[in-house]
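K.L.:
Pasting in a structure now, in structure tokens, and then I'll have a few things to ask.
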Amino acid sequence: MDFNLNEERQQLGDMLQRFVRKDYGFEARRKIVASAAGFSREVWRELANLGLTGVGISEEHGGTGGNAIDTSIVMEALGTGLVVEPYLTTVVLGGALVREAGSEAQRARILPAIAGGELLVAFAQGEPGTRYELERVATTARRDGAGYAITGAKTLVLHGGSADRLIVSARTSGEVADRRGISLFIIDAKAPGVKRREYATRDGQRAADISFEKVAVGADALLGAEGDAFDAIERAVDTAIAALCAEAVGCMDALNAQTLEYLKTRKQFGVPIGSFQVLKHRMADMFIQAAQARSMAFLAAMRIAEAQGDERRRAVAAAKALVGRAARHVGQQAIQLHGGMGVTDELAVSHYFRRLTAINATFGDAEHHLARFSDAMAID
């Protein structure tokens, strides 16, 4: 299996790394996180100008093309800078849901707006008590004349407070835990009956709890066939998980670089603490964990791009489980090797650790995906 990137992809990664170093330093990010919106519209426009909001979207629909491997390159670079703009929710997840479930007319209307940086999208999927179970949907969409009326509640909708459109999973038939009977609807986030409560998360991102009270939508709001959305949801979430794994690799790389620099400069007994053998071993373990995580993240991206069904599920689950455990190890070691200052808000190390912790919990933690991998192996 060839893990080498071609020249074009290497240039994409180099360009993004330069952007992060030059325009998205730690102090600049702190100001963005503290702003009212929690992200920068100027940075979002710059990402669009660089063509990044079109990655994974076909040229036919206004994008720059590419697949999950190109997305992973972007996400890894964003991870090194702890970029908080809603790239995952809008471009990766929103774009995948529209590609997977939308009609040609919906793709032609929505994808160019995403690619151009004009439209922010959030996926309203999780509900109280569901714990990573994508099929557990209690929100309902009842027939109402020519359209539907949506009622229910969604929790922890990533960047749901700033989204222009919400892609909402709702049950049009079946029981709460049935895979059949789930439909997707794209609705105006400011539609009557939609209430959003936005809040900051510990990793510097934003999320929202959203309720829907008989929200009226037309038949054209339905993405795909009624009651047949589960497979599209699972594929889109797997795509987002692979992207999150790549982001985690970027975070780990940044943590390793900062920790190594600290070990070279911090002195005890007149010598850099990095010269102590035991700390060399710990640093080596951190680099090994990050290297293994990179391999698994790349494998997941390749399987998203090339494979379907159980092969894709196994690769994504294995990557999320291994990356989650590697992230915990690298993050904890980085905190400990920096000493007491490692947990302070003023040091970037603590922010990377928070983000890695949040990534592990998003769309299923390491333990959840270890069980998912086991189940997929048993089926095979």
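Residues in the structure tokens are numbered from 1 in each chain, the chains being A, B, ... in the order shown, and ligands are numbered from 1 in the order shown.
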When you look at stretch 102-113 of chain A with a cut-off of 8 Å (counting only C-alpha atoms), what residues show up, excluding the ones that are within fewer than 2 positions of it in the same chain? I need them as an MDAnalysis selection string.
P.N.:
chainID A and resid 57 61:63 95 97:100 115:119 223:224
K.L.:
Emit the selected residues as an mmCIF file, in the first residue's frame, including N, CA and C atoms.
P.N.:
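This is the output file again13.cif:
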data_model
loop_
_atom_site.group_PDB
_atom_site.id
_atom_site.type_symbol
_atom_site.label_atom_id
_atom_site.label_comp_id
_atom_site.auth_asym_id
_atom_site.auth_seq_id
_atom_site.Cartn_x
_atom_site.Cartn_y
_atom_site.Cartn_z
ATOM 1 N N ILE A 57 -15.653 18.509 -3.442
ATOM 2 C CA ILE A 57 -16.821 18.866 -4.244
ATOM 3 C C ILE A 57 -16.386 18.931 -5.704
ATOM 4 N N HIS A 61 -19.847 21.153 -9.700
ATOM 5 C CA HIS A 61 -20.641 21.860 -8.699
ATOM 6 C C HIS A 61 -19.846 22.985 -8.043
ATOM 7 N N GLY A 62 -18.850 23.496 -8.738
ATOM 8 C CA GLY A 62 -18.131 24.658 -8.259
ATOM 9 C C GLY A 62 -16.976 24.391 -7.333
ATOM 10 N N GLY A 63 -16.651 23.118 -7.111
ATOM 11 C CA GLY A 63 -15.561 22.784 -6.211
ATOM 12 C C GLY A 63 -14.240 22.586 -6.924
ATOM 13 N N GLY A 95 -21.138 18.664 3.027
ATOM 14 C CA GLY A 95 -20.922 18.319 1.623
ATOM 15 C C GLY A 95 -21.155 16.851 1.343
ATOM 16 N N LEU A 97 -23.128 14.732 3.020
ATOM 17 C CA LEU A 97 -24.550 14.393 3.125
ATOM 18 C C LEU A 97 -25.314 14.794 1.866
ATOM 19 N N VAL A 98 -25.006 15.982 1.335
ATOM 20 C CA VAL A 98 -25.686 16.430 0.118
ATOM 21 C C VAL A 98 -25.270 15.563 -1.066
ATOM 22 N N ARG A 99 -23.977 15.217 -1.151
ATOM 23 C CA ARG A 99 -23.517 14.346 -2.238
ATOM 24 C C ARG A 99 -24.164 12.974 -2.159
ATOM 25 N N GLU A 100 -24.232 12.433 -0.942
ATOM 26 C CA GLU A 100 -24.716 11.066 -0.774
ATOM 27 C C GLU A 100 -26.231 10.958 -0.934
ATOM 28 N N ALA A 115 -19.029 25.332 -1.660
ATOM 29 C CA ALA A 115 -17.695 25.469 -2.261
ATOM 30 C C ALA A 115 -17.253 26.922 -2.313
ATOM 31 N N GLY A 116 -18.184 27.835 -2.519
ATOM 32 C CA GLY A 116 -17.839 29.250 -2.594
ATOM 33 C C GLY A 116 -17.703 29.928 -1.252
ATOM 34 N N GLY A 117 -17.924 29.201 -0.177
ATOM 35 C CA GLY A 117 -17.814 29.785 1.154
ATOM 36 C C GLY A 117 -18.993 30.651 1.532
ATOM 37 N N GLU A 118 -20.095 30.529 0.797
ATOM 38 C CA GLU A 118 -21.263 31.384 1.015
ATOM 39 C C GLU A 118 -22.280 30.778 1.970
ATOM 40 N N LEU A 119 -22.196 29.483 2.211
ATOM 41 C CA LEU A 119 -23.215 28.784 2.988
ATOM 42 C C LEU A 119 -22.562 27.959 4.088
ATOM 43 N N LEU A 223 -34.027 15.288 1.563
ATOM 44 C CA LEU A 223 -32.807 14.859 0.876
ATOM 45 C C LEU A 223 -32.897 13.357 0.626
ATOM 46 N N GLY A 224 -32.982 12.958 -0.621
ATOM 47 C CA GLY A 224 -33.052 11.536 -0.939
ATOM 48 C C GLY A 224 -34.448 10.977 -0.760
#
K.L.:
Write out as an MDAnalysis selection string the set of residues from stretch 112-335 of chain A that DSSP, computed on the backbone, places in strand (DSSP E or B).
P.N.:
chainID A and resid 121:124 140:144 147:158 165:171 182:188 194:200 206:217 222:223 228 267:268 271:272
K.L.:
Counting only C-alpha atoms, figure out which residue out of A:Ala371, A:Lys154, A:Ile69, A:Pro128 gets nearest to A:Leu299.
P.N.:
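When distances to A:Leu299 are compared using only C-alpha atoms, the smallest one comes from A:Ile69.
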K.L.:
Compile the contact shell of stretch 176-189 of chain A as a PDB file with N, CA and C atoms, in the first residue's frame: residues with an atom at most 9 Å away, counting only C-alpha atoms, same-chain residues fewer than 2 positions apart removed.
P.N.:
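This went into part.pdb:
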ATOM      1  N   LEU A  97     -23.128  14.732   3.020  1.00  0.00           N
ATOM      2  CA  LEU A  97     -24.550  14.393   3.125  1.00  0.00           C
ATOM      3  C   LEU A  97     -25.314  14.794   1.866  1.00  0.00           C
ATOM      4  N   ALA A 101     -26.976  11.926  -0.395  1.00  0.00           N
ATOM      5  CA  ALA A 101     -28.422  11.783  -0.322  1.00  0.00           C
ATOM      6  C   ALA A 101     -29.194  12.708  -1.244  1.00  0.00           C
ATOM      7  N   GLU A 133     -25.237   6.192  18.694  1.00  0.00           N
ATOM      8  CA  GLU A 133     -26.053   5.293  17.887  1.00  0.00           C
ATOM      9  C   GLU A 133     -26.776   6.102  16.807  1.00  0.00           C
ATOM     10  N   LEU A 134     -26.287   6.035  15.590  1.00  0.00           N
ATOM     11  CA  LEU A 134     -26.826   6.851  14.509  1.00  0.00           C
ATOM     12  C   LEU A 134     -28.272   6.501  14.182  1.00  0.00           C
ATOM     13  N   GLU A 135     -28.657   5.266  14.409  1.00  0.00           N
ATOM     14  CA  GLU A 135     -30.013   4.842  14.060  1.00  0.00           C
ATOM     15  C   GLU A 135     -31.058   5.247  15.092  1.00  0.00           C
ATOM     16  N   ARG A 136     -30.625   5.708  16.257  1.00  0.00           N
ATOM     17  CA  ARG A 136     -31.580   6.048  17.317  1.00  0.00           C
ATOM     18  C   ARG A 136     -32.060   7.481  17.110  1.00  0.00           C
ATOM     19  N   VAL A 137     -33.147   7.636  16.392  1.00  0.00           N
ATOM     20  CA  VAL A 137     -33.703   8.947  16.035  1.00  0.00           C
ATOM     21  C   VAL A 137     -35.155   9.003  16.496  1.00  0.00           C
ATOM     22  N   ALA A 138     -35.441   9.929  17.435  1.00  0.00           N
ATOM     23  CA  ALA A 138     -36.800  10.100  17.940  1.00  0.00           C
ATOM     24  C   ALA A 138     -37.491  11.311  17.327  1.00  0.00           C
ATOM     25  N   THR A 139     -36.729  12.251  16.783  1.00  0.00           N
ATOM     26  CA  THR A 139     -37.315  13.403  16.102  1.00  0.00           C
ATOM     27  C   THR A 139     -38.182  12.906  14.949  1.00  0.00           C
ATOM     28  N   THR A 140     -39.368  13.472  14.802  1.00  0.00           N
ATOM     29  CA  THR A 140     -40.303  12.976  13.800  1.00  0.00           C
ATOM     30  C   THR A 140     -40.558  14.007  12.700  1.00  0.00           C
ATOM     31  N   ALA A 141     -40.877  13.510  11.534  1.00  0.00           N
ATOM     32  CA  ALA A 141     -41.320  14.335  10.416  1.00  0.00           C
ATOM     33  C   ALA A 141     -42.622  13.745   9.905  1.00  0.00           C
ATOM     34  N   GLY A 160     -23.868  24.505  15.254  1.00  0.00           N
ATOM     35  CA  GLY A 160     -25.281  24.666  14.931  1.00  0.00           C
ATOM     36  C   GLY A 160     -25.783  26.083  15.113  1.00  0.00           C
ATOM     37  N   GLY A 161     -25.137  26.866  15.979  1.00  0.00           N
ATOM     38  CA  GLY A 161     -25.584  28.224  16.224  1.00  0.00           C
ATOM     39  C   GLY A 161     -25.274  29.190  15.105  1.00  0.00           C
ATOM     40  N   SER A 162     -24.242  28.904  14.318  1.00  0.00           N
ATOM     41  CA  SER A 162     -23.837  29.808  13.239  1.00  0.00           C
ATOM     42  C   SER A 162     -24.254  29.328  11.862  1.00  0.00           C
ATOM     43  N   ALA A 163     -24.859  28.147  11.786  1.00  0.00           N
ATOM     44  CA  ALA A 163     -25.202  27.572  10.486  1.00  0.00           C
ATOM     45  C   ALA A 163     -26.345  28.335   9.825  1.00  0.00           C
ATOM     46  N   ASP A 164     -26.276  28.450   8.500  1.00  0.00           N
ATOM     47  CA  ASP A 164     -27.368  29.019   7.714  1.00  0.00           C
ATOM     48  C   ASP A 164     -28.431  27.973   7.426  1.00  0.00           C
ATOM     49  N   ARG A 165     -28.000  26.734   7.221  1.00  0.00           N
ATOM     50  CA  ARG A 165     -28.907  25.627   6.949  1.00  0.00           C
ATOM     51  C   ARG A 165     -28.584  24.474   7.896  1.00  0.00           C
ATOM     52  N   LEU A 166     -29.623  23.757   8.289  1.00  0.00           N
ATOM     53  CA  LEU A 166     -29.474  22.565   9.120  1.00  0.00           C
ATOM     54  C   LEU A 166     -29.913  21.349   8.326  1.00  0.00           C
ATOM     55  N   ILE A 167     -29.067  20.318   8.329  1.00  0.00           N
ATOM     56  CA  ILE A 167     -29.472  19.030   7.777  1.00  0.00           C
ATOM     57  C   ILE A 167     -29.933  18.186   8.959  1.00  0.00           C
ATOM     58  N   VAL A 168     -31.203  17.879   8.994  1.00  0.00           N
ATOM     59  CA  VAL A 168     -31.837  17.270  10.165  1.00  0.00           C
ATOM     60  C   VAL A 168     -32.259  15.842   9.849  1.00  0.00           C
ATOM     61  N   SER A 169     -31.879  14.915  10.715  1.00  0.00           N
ATOM     62  CA  SER A 169     -32.388  13.548  10.598  1.00  0.00           C
ATOM     63  C   SER A 169     -33.683  13.455  11.389  1.00  0.00           C
ATOM     64  N   ALA A 170     -34.707  12.879  10.778  1.00  0.00           N
ATOM     65  CA  ALA A 170     -36.013  12.748  11.431  1.00  0.00           C
ATOM     66  C   ALA A 170     -36.665  11.451  10.988  1.00  0.00           C
ATOM     67  N   ARG A 171     -37.467  10.915  11.864  1.00  0.00           N
ATOM     68  CA  ARG A 171     -38.106   9.630  11.580  1.00  0.00           C
ATOM     69  C   ARG A 171     -39.448   9.845  10.896  1.00  0.00           C
ATOM     70  N   THR A 172     -39.576   9.256   9.728  1.00  0.00           N
ATOM     71  CA  THR A 172     -40.839   9.313   8.998  1.00  0.00           C
ATOM     72  C   THR A 172     -41.641   8.025   9.130  1.00  0.00           C
ATOM     73  N   SER A 173     -41.006   6.979   9.692  1.00  0.00           N
ATOM     74  CA  SER A 173     -41.705   5.717   9.958  1.00  0.00           C
ATOM     75  C   SER A 173     -40.834   4.858  10.861  1.00  0.00           C
ATOM     76  N   GLY A 174     -41.412   3.785  11.375  1.00  0.00           N
ATOM     77  CA  GLY A 174     -40.647   2.837  12.173  1.00  0.00           C
ATOM     78  C   GLY A 174     -40.500   3.243  13.626  1.00  0.00           C
ATOM     79  N   ALA A 191     -35.926  29.206  10.476  1.00  0.00           N
ATOM     80  CA  ALA A 191     -37.326  28.938  10.166  1.00  0.00           C
ATOM     81  C   ALA A 191     -38.178  29.003  11.436  1.00  0.00           C
ATOM     82  N   PRO A 192     -39.445  29.404  11.322  1.00  0.00           N
ATOM     83  CA  PRO A 192     -40.339  29.411  12.489  1.00  0.00           C
ATOM     84  C   PRO A 192     -40.409  28.031  13.130  1.00  0.00           C
ATOM     85  N   VAL A 194     -37.914  26.774  14.970  1.00  0.00           N
ATOM     86  CA  VAL A 194     -36.553  26.334  15.281  1.00  0.00           C
ATOM     87  C   VAL A 194     -36.002  27.204  16.401  1.00  0.00           C
ATOM     88  N   LYS A 195     -35.566  26.592  17.493  1.00  0.00           N
ATOM     89  CA  LYS A 195     -34.946  27.323  18.596  1.00  0.00           C
ATOM     90  C   LYS A 195     -33.541  26.764  18.844  1.00  0.00           C
ATOM     91  N   ARG A 196     -32.572  27.671  18.901  1.00  0.00           N
ATOM     92  CA  ARG A 196     -31.176  27.255  19.067  1.00  0.00           C
ATOM     93  C   ARG A 196     -30.592  27.852  20.348  1.00  0.00           C
ATOM     94  N   VAL A 215     -41.996  22.336  12.752  1.00  0.00           N
ATOM     95  CA  VAL A 215     -41.341  23.160  11.730  1.00  0.00           C
ATOM     96  C   VAL A 215     -41.835  22.706  10.358  1.00  0.00           C
ATOM     97  N   VAL A 217     -41.862  22.297   6.482  1.00  0.00           N
ATOM     98  CA  VAL A 217     -40.944  22.304   5.339  1.00  0.00           C
ATOM     99  C   VAL A 217     -41.670  21.722   4.132  1.00  0.00           C
ATOM    100  N   ASP A 220     -39.597  19.619  -1.131  1.00  0.00           N
ATOM    101  CA  ASP A 220     -38.267  19.786  -1.712  1.00  0.00           C
ATOM    102  C   ASP A 220     -37.174  19.860  -0.661  1.00  0.00           C
ATOM    103  N   ALA A 221     -37.537  19.914   0.622  1.00  0.00           N
ATOM    104  CA  ALA A 221     -36.538  19.906   1.696  1.00  0.00           C
ATOM    105  C   ALA A 221     -36.019  18.500   1.977  1.00  0.00           C
ATOM    106  N   LEU A 222     -36.734  17.479   1.512  1.00  0.00           N
ATOM    107  CA  LEU A 222     -36.327  16.090   1.731  1.00  0.00           C
ATOM    108  C   LEU A 222     -35.099  15.768   0.894  1.00  0.00           C
ATOM    109  N   LEU A 223     -34.027  15.288   1.563  1.00  0.00           N
ATOM    110  CA  LEU A 223     -32.807  14.859   0.876  1.00  0.00           C
ATOM    111  C   LEU A 223     -32.897  13.357   0.626  1.00  0.00           C
ATOM    112  N   GLY A 224     -32.982  12.958  -0.621  1.00  0.00           N
ATOM    113  CA  GLY A 224     -33.052  11.536  -0.939  1.00  0.00           C
ATOM    114  C   GLY A 224     -34.448  10.977  -0.760  1.00  0.00           C
ATOM    115  N   ALA A 225     -34.522   9.658  -0.765  1.00  0.00           N
ATOM    116  CA  ALA A 225     -35.812   8.981  -0.647  1.00  0.00           C
ATOM    117  C   ALA A 225     -36.290   8.983   0.798  1.00  0.00           C
ATOM    118  N   GLU A 226     -37.575   9.117   0.993  1.00  0.00           N
ATOM    119  CA  GLU A 226     -38.141   9.111   2.331  1.00  0.00           C
ATOM    120  C   GLU A 226     -37.866   7.772   3.023  1.00  0.00           C
ATOM    121  N   GLY A 227     -37.368   7.865   4.256  1.00  0.00           N
ATOM    122  CA  GLY A 227     -37.148   6.683   5.078  1.00  0.00           C
ATOM    123  C   GLY A 227     -35.923   5.869   4.734  1.00  0.00           C
ATOM    124  N   ASP A 228     -35.094   6.367   3.841  1.00  0.00           N
ATOM    125  CA  ASP A 228     -33.964   5.557   3.345  1.00  0.00           C
ATOM    126  C   ASP A 228     -32.630   6.261   3.526  1.00  0.00           C
ATOM    127  N   ALA A 229     -32.480   7.037   4.602  1.00  0.00           N
ATOM    128  CA  ALA A 229     -31.301   7.897   4.741  1.00  0.00           C
ATOM    129  C   ALA A 229     -30.169   7.282   5.559  1.00  0.00           C
ATOM    130  N   PHE A 230     -30.411   6.132   6.222  1.00  0.00           N
ATOM    131  CA  PHE A 230     -29.403   5.671   7.176  1.00  0.00           C
ATOM    132  C   PHE A 230     -28.054   5.402   6.520  1.00  0.00           C
ATOM    133  N   ASP A 231     -28.024   4.733   5.392  1.00  0.00           N
ATOM    134  CA  ASP A 231     -26.747   4.414   4.751  1.00  0.00           C
ATOM    135  C   ASP A 231     -25.985   5.682   4.386  1.00  0.00           C
ATOM    136  N   ILE A 233     -26.239   8.580   5.902  1.00  0.00           N
ATOM    137  CA  ILE A 233     -25.759   9.159   7.160  1.00  0.00           C
ATOM    138  C   ILE A 233     -24.501   8.447   7.630  1.00  0.00           C
TER     139      ILE A 233
END
K.L.:
Run DSSP on the backbone and give me the residues of stretch 110-264 of chain A it puts in alpha helix (DSSP H), as a PyMOL selection string.
P.N.:
chain A and resi 110-115+230-264
K.L.:
Show me, as a ChimeraX atom specification, the residues that have an atom within 12 Å of A:Leu263 when counting only C-alpha atoms, minus same-chain residues fewer than 3 positions from it.
P.N.:
/A:256-260,266-268,271-280,282-283,334,336-339
K.L.:
List the neighbours of A:Val343 out to 12 Å using only C-alpha atoms; skip same-chain residues closer than 2 positions along the sequence, and give me the result as a ChimeraX atom specification.
P.N.:
/A:331-341,345-354
K.L.:
Rank A:Arg41, A:Arg21, A:Lys320, A:His329 by their smallest atom-to-atom distance to A:Asp365, using only C-alpha atoms, and report the top residue only.
P.N.:
A:Lys320
K.L.:
Check the smallest atom-to-atom distance from each of A:Arg45, A:Arg372, A:Arg29, A:Arg142 to A:Lys214 using only C-alpha atoms, then report the winner.
P.N.:
A:Arg142
K.L.:
Rounded to one decimal place, report the atom CA of A:Gln17-atom CA of A:Val84 distance in Å.
P.N.:
15.3 Å
K.L.:
Considering only C-alpha atoms, can you say which of A:Glu27, A:Asp70, A:Glu85, A:Glu42 comes closest to A:Leu5?
P.N.:
A:Asp70
K.L.:
Select, from A:Pro86, A:Gly145, A:Gly250, A:Gly152, the residue with the minimum atom-to-atom distance to A:Glu127, counting only C-alpha atoms.
P.N.:
A:Gly152
K.L.:
Residues near A:Ala242, anyone? I mean within 7 Å using only C-alpha atoms, not counting same-chain ones fewer than 6 positions away, as a list in words.
P.N.:
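Listing them by chain and then by number gives Ala297, Ala300, Ala301 and Val316 of chain A.
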K.L.:
Taking only C-alpha atoms into account, which of A:Leu50, A:Ile150, A:Ile241, A:Ala318 comes nearest A:Val92?
P.N.:
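When distances to A:Val92 are compared using only C-alpha atoms, the smallest one comes from A:Ile241.
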K.L.:
Find the residues near A:Ile359: any atom within 12 Å, counting only C-alpha atoms, skip ones fewer than 3 places away on the same chain, and give them as a PyMOL selection string.
P.N.:
chain A and resi 79+82+88+158+201-203+205+240-252+320-321+323-328+352-356+362-366
K.L.:
Save the residues we just selected, C-alpha atoms, as a PDB file, in the first residue's frame?
P.N.:
ATOM      1  CA  GLY A  79      -5.213  20.455  13.273  1.00  0.00           C
ATOM      2  CA  LEU A  82      -6.260  24.309  16.096  1.00  0.00           C
ATOM      3  CA  LEU A  88     -15.652  19.798   9.308  1.00  0.00           C
ATOM      4  CA  LEU A 158     -21.439  21.211  16.105  1.00  0.00           C
ATOM      5  CA  THR A 201     -17.220  23.765  24.209  1.00  0.00           C
ATOM      6  CA  ARG A 202     -14.067  23.078  26.198  1.00  0.00           C
ATOM      7  CA  ASP A 203     -11.928  22.708  23.082  1.00  0.00           C
ATOM      8  CA  GLN A 205     -15.349  25.125  19.335  1.00  0.00           C
ATOM      9  CA  ALA A 240     -16.136  12.944   8.977  1.00  0.00           C
ATOM     10  CA  ILE A 241     -14.452  10.438  11.318  1.00  0.00           C
ATOM     11  CA  ALA A 242     -11.600   9.906   8.845  1.00  0.00           C
ATOM     12  CA  ALA A 243     -11.210  13.687   8.645  1.00  0.00           C
ATOM     13  CA  LEU A 244     -11.162  13.962  12.448  1.00  0.00           C
ATOM     14  CA  CYS A 245      -8.431  11.312  12.615  1.00  0.00           C
ATOM     15  CA  ALA A 246      -6.324  13.428  10.266  1.00  0.00           C
ATOM     16  CA  GLU A 247      -6.974  16.521  12.382  1.00  0.00           C
ATOM     17  CA  ALA A 248      -5.849  14.602  15.474  1.00  0.00           C
ATOM     18  CA  VAL A 249      -2.598  13.689  13.707  1.00  0.00           C
ATOM     19  CA  GLY A 250      -1.990  17.390  13.063  1.00  0.00           C
ATOM     20  CA  CYS A 251      -2.611  18.142  16.743  1.00  0.00           C
ATOM     21  CA  MET A 252      -0.202  15.394  17.819  1.00  0.00           C
ATOM     22  CA  LYS A 320     -10.719   5.997  15.331  1.00  0.00           C
ATOM     23  CA  ALA A 321      -9.864   3.493  18.069  1.00  0.00           C
ATOM     24  CA  VAL A 323      -5.984   7.426  16.962  1.00  0.00           C
ATOM     25  CA  GLY A 324      -8.073   8.013  20.094  1.00  0.00           C
ATOM     26  CA  ARG A 325      -5.677   6.005  22.255  1.00  0.00           C
ATOM     27  CA  ALA A 326      -2.603   7.540  20.640  1.00  0.00           C
ATOM     28  CA  ALA A 327      -4.021  11.034  21.157  1.00  0.00           C
ATOM     29  CA  ARG A 328      -4.605  10.345  24.830  1.00  0.00           C
ATOM     30  CA  TYR A 352      -4.216  20.841  21.938  1.00  0.00           C
ATOM     31  CA  PHE A 353      -4.955  18.312  24.662  1.00  0.00           C
ATOM     32  CA  ARG A 354      -8.524  19.592  25.021  1.00  0.00           C
ATOM     33  CA  ARG A 355      -9.069  19.356  21.286  1.00  0.00           C
ATOM     34  CA  LEU A 356      -7.680  15.811  21.147  1.00  0.00           C
ATOM     35  CA  THR A 362     -16.881  12.985  18.625  1.00  0.00           C
ATOM     36  CA  PHE A 363     -18.847  10.346  16.665  1.00  0.00           C
ATOM     37  CA  GLY A 364     -17.734   7.639  19.061  1.00  0.00           C
ATOM     38  CA  ASP A 365     -14.753   7.253  21.402  1.00  0.00           C
ATOM     39  CA  ALA A 366     -11.970   4.690  21.134  1.00  0.00           C
TER      40      ALA A 366
END
